[in-house]
>>> print(open('data_34.cif').read())   # mmCIF, C-alpha atoms
data_run
loop_
_atom_site.label_atom_id
_atom_site.label_comp_id
_atom_site.auth_asym_id
_atom_site.auth_seq_id
_atom_site.Cartn_x
_atom_site.Cartn_y
_atom_site.Cartn_z
CA MET A 1 152.23 59.92 43.60
CA SER A 2 154.19 57.06 45.16
CA ASN A 3 155.86 58.66 48.15
CA ASP A 4 154.86 61.03 50.90
CA MET A 5 157.14 62.66 53.39
CA ILE A 6 156.93 63.27 57.09
CA ARG A 7 159.24 65.85 58.63
CA VAL A 8 159.69 66.42 62.35
CA VAL A 9 161.43 69.35 64.02
CA ASP A 10 162.21 69.98 67.67
CA LEU A 11 161.73 73.58 68.74
CA ASP A 12 164.21 75.58 70.80
CA LYS A 13 161.87 78.03 72.49
CA GLU A 14 164.59 80.55 73.33
CA ASN A 15 165.84 80.75 69.74
CA ARG A 16 162.59 80.23 67.87
CA ARG A 17 162.26 83.83 66.79
CA SER A 18 165.65 83.68 65.04
CA LYS A 19 164.56 80.56 63.13
CA LYS A 20 167.03 78.20 64.79
CA TRP A 21 165.00 75.07 64.18
CA LEU A 22 166.69 71.71 64.51
CA ILE A 23 165.63 69.20 61.89
CA ILE A 24 165.61 65.89 63.72
CA VAL A 25 164.57 63.42 61.08
CA ILE A 26 163.19 63.25 57.57
CA LEU A 27 161.42 60.06 56.65
CA LEU A 28 160.36 58.98 53.17
CA LEU A 29 157.33 56.76 53.59
CA MET A 30 154.95 54.98 51.28
CA ILE A 31 151.28 55.94 51.56
CA ALA A 32 150.67 52.41 52.78
CA SER A 33 152.85 53.02 55.85
CA GLY A 34 150.84 52.77 59.03
CA SER A 35 152.96 55.45 60.70
CA THR A 36 151.90 58.32 58.48
CA LEU A 37 149.76 61.07 59.90
CA TYR A 38 147.36 60.53 57.02
CA LEU A 39 146.54 56.99 58.02
CA TRP A 40 146.36 57.97 61.67
CA TRP A 41 143.69 60.53 60.77
CA ASP A 42 141.96 58.05 58.46
CA GLN A 43 141.48 55.35 61.11
CA ASP A 44 138.00 54.15 61.91
CA VAL A 45 137.91 55.86 65.31
CA ASN A 46 135.32 58.39 66.39
CA PHE A 47 137.13 61.57 67.43
CA GLU A 48 134.10 63.84 67.05
CA ALA A 49 134.01 64.66 70.76
CA TYR A 50 137.56 66.02 70.62
CA LYS A 51 137.42 67.67 67.20
CA THR A 52 136.60 71.24 66.22
CA ASP A 53 135.44 71.77 62.66
CA VAL A 54 136.88 75.01 61.32
CA GLY A 55 136.45 75.32 57.53
CA LYS A 56 138.10 78.76 57.32
CA THR A 57 140.25 79.87 54.36
CA ALA A 58 143.09 82.40 54.20
CA SER A 59 144.99 83.54 51.10
CA ASN A 60 148.39 85.03 50.28
CA SER A 61 150.85 85.05 47.37
CA LEU A 62 151.54 81.31 47.81
CA GLY A 63 147.88 80.36 47.47
CA ARG A 64 144.86 79.41 49.57
CA LEU A 65 145.04 77.45 52.82
CA THR A 66 141.87 76.07 54.37
CA LEU A 67 142.07 74.89 57.97
CA ASN A 68 139.61 71.99 58.02
CA GLU A 69 139.68 70.77 61.60
CA VAL A 70 141.55 70.77 64.89
CA ILE A 71 141.83 67.90 67.38
CA ILE A 72 142.86 68.57 70.99
CA ASP A 73 144.77 65.80 72.77
CA ASP A 74 146.90 65.51 75.90
CA ASN A 75 149.79 67.95 75.30
CA GLN A 76 149.16 67.66 71.57
CA ILE A 77 147.21 69.45 68.84
CA LEU A 78 146.46 67.84 65.47
CA LEU A 79 145.62 69.90 62.39
CA ASN A 80 144.13 69.01 59.02
CA ALA A 81 144.37 71.62 56.25
CA THR A 82 144.06 71.89 52.46
CA PHE A 83 146.56 73.90 50.40
CA GLU A 84 145.76 75.16 46.91
CA PRO A 85 148.90 76.74 45.38
CA GLY A 86 148.64 79.99 43.47
CA LYS A 87 149.55 80.13 39.80
CA GLU A 88 152.99 81.59 40.53
CA PHE A 89 153.85 78.97 43.14
CA LYS A 90 155.28 75.78 41.63
CA PRO A 91 156.14 73.39 44.48
CA ASP A 92 157.20 69.78 44.11
CA HIS A 93 155.51 67.17 46.31
CA GLN A 94 157.78 67.99 49.28
CA VAL A 95 155.76 70.87 50.69
CA PHE A 96 155.65 71.50 54.43
CA PHE A 97 154.02 74.18 56.48
CA PHE A 98 154.83 74.23 60.19
CA PRO A 99 152.35 76.36 62.12
CA GLN A 100 152.97 78.27 65.29
CA ILE A 101 150.15 77.82 67.81
CA LEU A 102 149.38 80.06 70.73
CA VAL A 103 147.03 78.58 73.35
CA ASN A 104 145.31 81.25 75.43
CA GLY A 105 148.05 83.60 74.28
CA GLN A 106 150.97 81.34 75.31
CA ASP A 107 153.43 79.21 73.36
CA TYR A 108 153.70 75.63 74.69
CA MET A 109 155.20 74.00 71.59
CA VAL A 110 158.14 71.59 71.83
CA ARG A 111 157.88 69.55 68.61
CA ASN A 112 156.22 70.10 65.24
CA GLY A 113 155.61 67.24 62.82
CA GLY A 114 154.12 67.63 59.38
CA GLN A 115 153.11 65.64 56.35
CA SER A 116 151.90 66.73 52.93
CA ILE A 117 149.98 64.59 50.48
CA ALA A 118 149.51 65.73 46.89
CA LYS A 119 145.90 64.98 46.01
CA SER A 120 146.42 66.51 42.56
CA ALA A 121 148.69 69.07 40.89
CA ASN A 122 146.66 71.84 42.50
CA VAL A 123 145.59 70.44 45.87
CA TYR A 124 147.65 69.27 48.86
CA THR A 125 146.41 67.93 52.17
CA ILE A 126 148.58 69.17 55.04
CA TYR A 127 148.64 67.29 58.36
CA ASN A 128 150.41 68.56 61.48
CA SER A 129 151.01 67.03 64.90
CA ILE A 130 152.23 69.63 67.40
CA LYS A 131 153.59 68.30 70.68
CA MET A 132 153.41 70.61 73.69
CA ASP A 133 154.41 70.79 77.32
CA ASP A 134 152.50 72.04 80.38
CA PHE A 135 149.36 72.44 78.31
CA PRO A 136 146.72 74.57 80.10
CA THR A 137 143.90 72.80 81.90
CA ASP A 138 141.16 75.25 80.89
CA GLU A 139 138.14 73.52 79.40
CA GLN A 140 137.78 76.21 76.73
CA LEU A 141 140.82 77.16 74.69
CA GLU A 142 141.52 80.12 72.43
CA LEU A 143 143.90 79.09 69.65
CA VAL A 144 145.82 81.33 67.30
CA ILE A 145 147.19 79.15 64.50
CA ARG A 146 149.71 80.89 62.24
CA TYR A 147 151.32 79.14 59.28
CA LYS A 148 154.41 81.31 58.96
CA ASP A 149 157.18 79.02 57.67
CA TRP A 150 157.48 77.08 54.43
CA ASN A 151 159.70 73.96 54.43
CA VAL A 152 160.99 74.85 57.92
CA GLU A 153 163.41 77.68 57.17
CA THR A 154 161.62 79.91 54.64
CA PRO A 155 159.42 82.63 56.20
CA ILE A 156 156.03 83.29 54.63
CA GLU A 157 155.65 86.99 53.91
CA LYS A 158 151.95 87.10 54.79
CA PRO A 159 151.27 84.11 57.08
CA TRP A 160 147.96 82.29 56.99
CA GLU A 161 146.35 82.90 60.37
CA PHE A 162 143.30 81.39 62.03
CA GLN A 163 141.61 82.03 65.36
CA VAL A 164 139.80 79.00 66.72
CA ASP A 165 137.82 78.37 69.90
CA ALA A 166 138.21 74.73 70.96
CA SER A 167 137.11 72.63 73.92
CA GLN A 168 138.96 69.95 75.84
CA GLU A 169 136.14 69.31 78.30
CA GLN A 170 135.33 65.84 76.97
CA LEU A 171 139.02 64.97 76.65
CA GLN A 172 139.58 65.80 80.31
CA GLN A 173 136.67 63.57 81.29
CA ASP A 174 137.98 60.66 79.22
CA ARG A 175 141.67 61.04 80.12
CA GLU A 176 143.15 58.22 82.19
CA ILE A 177 146.20 58.93 84.36
CA PHE A 178 148.56 56.33 85.81
CA SER A 179 150.74 58.09 88.41
CA ILE A 180 154.06 56.28 88.86
CA ASP A 181 157.05 58.32 90.19
CA LYS A 182 159.51 55.40 90.17
CA LYS A 183 163.17 55.21 89.22
CA VAL A 184 164.50 52.60 86.81
CA LYS A 185 167.79 51.83 85.09
CA HIS A 186 167.61 52.06 81.33
CA VAL A 187 170.12 51.76 78.44
CA ASP A 188 173.75 52.46 79.41
CA GLN A 189 172.58 52.20 83.04
CA GLN A 190 171.03 55.64 82.86
CA GLU A 191 168.74 56.23 85.81
CA ILE A 192 165.42 57.75 84.84
CA THR A 193 162.26 58.53 86.80
CA ILE A 194 158.97 57.46 85.25
CA ASP A 195 156.55 60.21 86.26
CA LYS A 196 153.26 59.03 84.81
CA VAL A 197 151.40 57.55 81.88
CA VAL A 198 148.55 59.58 80.39
CA SER A 199 146.07 57.89 78.07
CA THR A 200 143.25 59.36 75.99
CA PRO A 201 141.13 57.93 73.18
CA ILE A 202 143.60 59.66 70.84
CA SER A 203 147.00 58.63 72.23
CA THR A 204 148.98 57.33 75.20
CA THR A 205 152.12 59.07 76.49
CA ILE A 206 154.82 58.03 78.96
CA TYR A 207 156.36 61.02 80.78
CA PHE A 208 159.78 60.64 82.41
CA HIS A 209 162.76 62.72 83.50
CA THR A 210 166.45 62.42 84.37
CA GLU A 211 168.72 64.37 86.70
CA GLU A 212 171.19 65.07 83.89
CA SER A 213 170.89 65.39 80.13
CA VAL A 214 170.17 62.06 78.45
CA VAL A 215 173.28 60.47 76.94
CA ASN A 216 171.55 57.83 74.84
CA ASP A 217 168.04 58.70 73.76
CA ALA A 218 167.16 55.10 72.77
CA LEU A 219 164.80 55.10 75.74
CA HIS A 220 162.19 52.63 74.62
CA PHE A 221 159.37 51.10 76.63
CA LYS A 222 156.72 48.45 76.39
CA ILE A 223 153.34 48.56 78.09
CA GLN A 224 151.72 45.18 78.55
CA SER A 225 148.17 44.30 79.58
CA LYS A 226 147.15 41.49 81.90
CA SER A 227 146.15 39.40 78.89
CA GLY A 228 149.64 39.78 77.36
CA GLN A 229 148.86 42.34 74.67
CA SER A 230 151.69 44.85 74.39
CA TRP A 231 152.57 48.15 72.73
CA THR A 232 156.05 49.53 72.08
CA PHE A 233 156.99 53.17 72.72
CA ALA A 234 160.04 53.84 70.57
CA THR A 235 159.97 57.56 69.73
CA PRO A 236 160.93 59.65 72.78
CA TYR A 237 161.06 63.42 72.33
CA PRO A 238 162.50 66.13 74.62
CA LEU A 239 160.22 68.44 76.55
CA ASN A 240 162.96 70.92 77.46
CA LYS A 241 166.17 72.20 75.88
CA GLU A 242 168.30 70.61 78.63
CA GLY A 243 167.22 67.13 77.53
CA THR A 244 166.14 66.12 81.04
CA ARG A 245 162.35 65.92 80.56
CA TRP A 246 160.87 63.56 77.97
CA GLY A 247 157.71 62.13 76.51
CA SER A 248 157.12 59.02 74.42
CA ARG A 249 153.79 58.69 72.63
CA VAL A 250 151.81 56.06 70.75
CA ASP A 251 148.88 57.41 68.76
CA ALA A 252 145.46 55.75 68.62
CA LEU A 253 146.12 53.76 71.81
CA TYR A 254 143.66 54.10 74.71
CA LEU A 255 144.41 52.25 77.95
CA THR A 256 141.06 51.45 79.54
CA GLU A 257 141.99 48.66 81.94
CA LYS A 258 142.86 49.34 85.56
CA LYS A 259 146.32 47.77 85.66
CA TYR A 260 149.24 47.32 83.24
CA THR A 261 152.96 46.58 83.33
CA LEU A 262 155.53 49.06 82.03
CA ILE A 263 158.85 47.56 80.90
CA PRO A 264 162.03 49.47 79.90
CA ILE A 265 163.46 47.88 76.73
CA ASN A 266 166.27 48.52 74.25
CA LYS A 267 165.79 49.11 70.54
CA GLU A 268 165.91 45.35 69.93
CA GLY A 269 162.99 44.90 72.30
CA SER A 270 164.94 43.21 75.10
CA LYS A 271 164.21 44.11 78.69
CA VAL A 272 166.89 46.38 80.22
CA GLY A 273 165.30 47.46 83.51
CA SER A 274 162.87 46.35 86.17
CA ALA A 275 159.23 46.02 85.14
CA ILE A 276 156.84 48.41 86.89
CA LYS A 277 153.26 47.59 87.80
CA ILE A 278 151.11 50.63 87.03
CA LYS A 279 147.60 51.33 88.25
CA ARG A 280 145.04 53.81 87.00
CA ASP A 281 144.37 56.72 89.35
CA GLU A 282 140.99 56.55 91.03
#
>>> encode(input="data_34.cif", output="structure tokens")
Amino acid sequence: MSNDMIRVVDLDKENRRSKKWLIIVILLLMIASGSTLYLWWDQDVNFEAYKTDVGKTASNSLGRLTLNEVIIDDNQILLNATFEPGKEFKPDHQVFFFPQILVNGQDYMVRNGGQSIAKSANVYTIYNSIKMDDFPTDEQLELVIRYKDWNVETPIEKPWEFQVDASQEQLQQDREIFSIDKKVKHVDQQEITIDKVVSTPISTTIYFHTEESVVNDALHFKIQSKSGQSWTFATPYPLNKEGTRWGSRVDALYLTEKKYTLIPINKEGSKVGSAIKIKRDE
């Protein structure tokens, strides 16, 4: 197989039950692309402290789905599953399952990204990255993971469901927070408030908000270290339906130094607002 697909959907919490899912972007990517969830998962990074091995299998008329493992991150849950289609189910390589996740009985989901990789005619690996908001701070989490939609809009008659106990104790110990609370001008002179940067061994996220709904969502940033190394944040996503609260995340980036510089940039990479010196909370 030459191509894999990543699909991302933003979730309208108020209309989720009526299946009003907004498809934001569909990207055709080569397996060699560094931005695929597959290669993110395949990186030579030790996530054992943040991972829960599951190994449970559920079956329905579509086939067997085995939930292999769950990784807990800051406002994010990552899933790795294996799908074995039943004899009556004849999918092409564009197969997506977008799970609903309840955390301690509550729904915190704001964005659901998925990728499928056909390992053979009868086996697919399914990766999901579920972005959340106001994730609970409990060290121990009770997850209900329900795969109930096929290719976004098609309900699954008998959803695959898994109950998983997971811990974020080590993640909370390793999380680095850079409190900021500063206003900057961004593209089109939009004024935004940078709330904080949160970094874990799994990802780094910039959280920001605006007084009114964002007009131009090309709100890109660059974080630069004292030595000059830099990372670009170019994929902001909304945290509420009003479009006033946002996150922008880079996976597999862990900020371990005490001080950095955050720079608002446009999509060409040019600086558009004042640079902000950020310092890790003590």
>>> closest_residue(input="data_34.cif", among="A:Asn151, A:Gln229, A:Thr244, A:Asn104", to="Val164 in chain A", atoms="all atoms listed in the file")
A:Asn104
>>> residues_around(input="data_34.cif", residues="range 249-259 of chain A", least_positions_apart="2", cutoff="9 Å", atoms="all atoms listed in the file", output="PDB file with C-alpha atoms, in the frame of the given file")
ATOM      1  CA  TRP A  40     146.360  57.970  61.670  1.00  0.00           C
ATOM      2  CA  GLN A  43     141.480  55.350  61.110  1.00  0.00           C
ATOM      3  CA  VAL A  45     137.910  55.860  65.310  1.00  0.00           C
ATOM      4  CA  GLU A 176     143.150  58.220  82.190  1.00  0.00           C
ATOM      5  CA  PHE A 178     148.560  56.330  85.810  1.00  0.00           C
ATOM      6  CA  VAL A 198     148.550  59.580  80.390  1.00  0.00           C
ATOM      7  CA  SER A 199     146.070  57.890  78.070  1.00  0.00           C
ATOM      8  CA  THR A 200     143.250  59.360  75.990  1.00  0.00           C
ATOM      9  CA  PRO A 201     141.130  57.930  73.180  1.00  0.00           C
ATOM     10  CA  ILE A 202     143.600  59.660  70.840  1.00  0.00           C
ATOM     11  CA  SER A 203     147.000  58.630  72.230  1.00  0.00           C
ATOM     12  CA  THR A 204     148.980  57.330  75.200  1.00  0.00           C
ATOM     13  CA  THR A 205     152.120  59.070  76.490  1.00  0.00           C
ATOM     14  CA  ILE A 206     154.820  58.030  78.960  1.00  0.00           C
ATOM     15  CA  TYR A 207     156.360  61.020  80.780  1.00  0.00           C
ATOM     16  CA  SER A 225     148.170  44.300  79.580  1.00  0.00           C
ATOM     17  CA  LYS A 226     147.150  41.490  81.900  1.00  0.00           C
ATOM     18  CA  TRP A 231     152.570  48.150  72.730  1.00  0.00           C
ATOM     19  CA  THR A 232     156.050  49.530  72.080  1.00  0.00           C
ATOM     20  CA  PHE A 233     156.990  53.170  72.720  1.00  0.00           C
ATOM     21  CA  ALA A 234     160.040  53.840  70.570  1.00  0.00           C
ATOM     22  CA  THR A 235     159.970  57.560  69.730  1.00  0.00           C
ATOM     23  CA  PRO A 236     160.930  59.650  72.780  1.00  0.00           C
ATOM     24  CA  TYR A 237     161.060  63.420  72.330  1.00  0.00           C
ATOM     25  CA  GLY A 247     157.710  62.130  76.510  1.00  0.00           C
ATOM     26  CA  THR A 261     152.960  46.580  83.330  1.00  0.00           C
ATOM     27  CA  LYS A 277     153.260  47.590  87.800  1.00  0.00           C
ATOM     28  CA  ILE A 278     151.110  50.630  87.030  1.00  0.00           C
ATOM     29  CA  LYS A 279     147.600  51.330  88.250  1.00  0.00           C
ATOM     30  CA  ARG A 280     145.040  53.810  87.000  1.00  0.00           C
ATOM     31  CA  ASP A 281     144.370  56.720  89.350  1.00  0.00           C
TER      32      ASP A 281
END
>>> axis_aligned_box(input="data_34.cif", around="range 106-114 of chain A", padding_each_side="4 Å", output="lines of an AutoDock Vina configuration file")
center_x = 154.6
center_y = 74.3
center_z = 67.3
size_x = 15.2
size_y = 22.1
size_z = 23.9
>>> atom_distance(input="data_34.cif", atom1="CA of Val110 in chain A", atom2="CA of Ile130 in chain A")
7.6 Å
>>> atom_distance(input="data_34.cif", atom1="CA of Gly113 in chain A", atom2="CA of Pro155 in chain A")
17.2 Å
>>> resolve_selection(input="data_34.cif", expression="the PyMOL selection byres ((chain A and resi 82) around 7)", output="ChimeraX atom specification")
/A:65-67,81,83-84,123-126
>>> atom_distance(input="data_34.cif", atom1="CA of Asn240 in chain A", atom2="CA of Ala218 in chain A")
17.0 Å
>>> resolve_selection(input="data_34.cif", expression="the PyMOL selection byres ((chain A and resi 60) around 9)", output="PyMOL selection string")
chain A and resi 58-59+61-65+86+156-160
>>> resolve_selection(input="data_34.cif", expression="the PyMOL selection byres ((chain A and resi 185-193) around 7)", output="PyMOL selection string")
chain A and resi 181-184+194-195+208-210+219+264+266+272-273
>>> closest_residue(input="data_34.cif", among="A:Asp149, A:Glu242, A:Asp217, A:Glu139", to="Gln168 in chain A", atoms="only C-alpha atoms")
A:Glu139
>>> closest_residue(input="data_34.cif", among="A:Val70, A:Asn112, A:Lys87, A:Leu171", to="Val144 in chain A", atoms="all atoms listed in the file")
A:Val70
>>> residues_around(input="data_34.cif", residues="Leu78 in chain A", least_positions_apart="4", cutoff="12 Å", atoms="all atoms listed in the file", output="count of residues only")
35
>>> closest_residue(input="data_34.cif", among="A:Gln106, A:Ser116, A:Gln140, A:Gln76", to="Asp165 in chain A", atoms="all atoms listed in the file")
A:Gln140
>>> closest_residue(input="data_34.cif", among="A:Gly105, A:Ala275, A:Val214, A:Gln170", to="Arg245 in chain A", atoms="all atoms listed in the file")
A:Val214
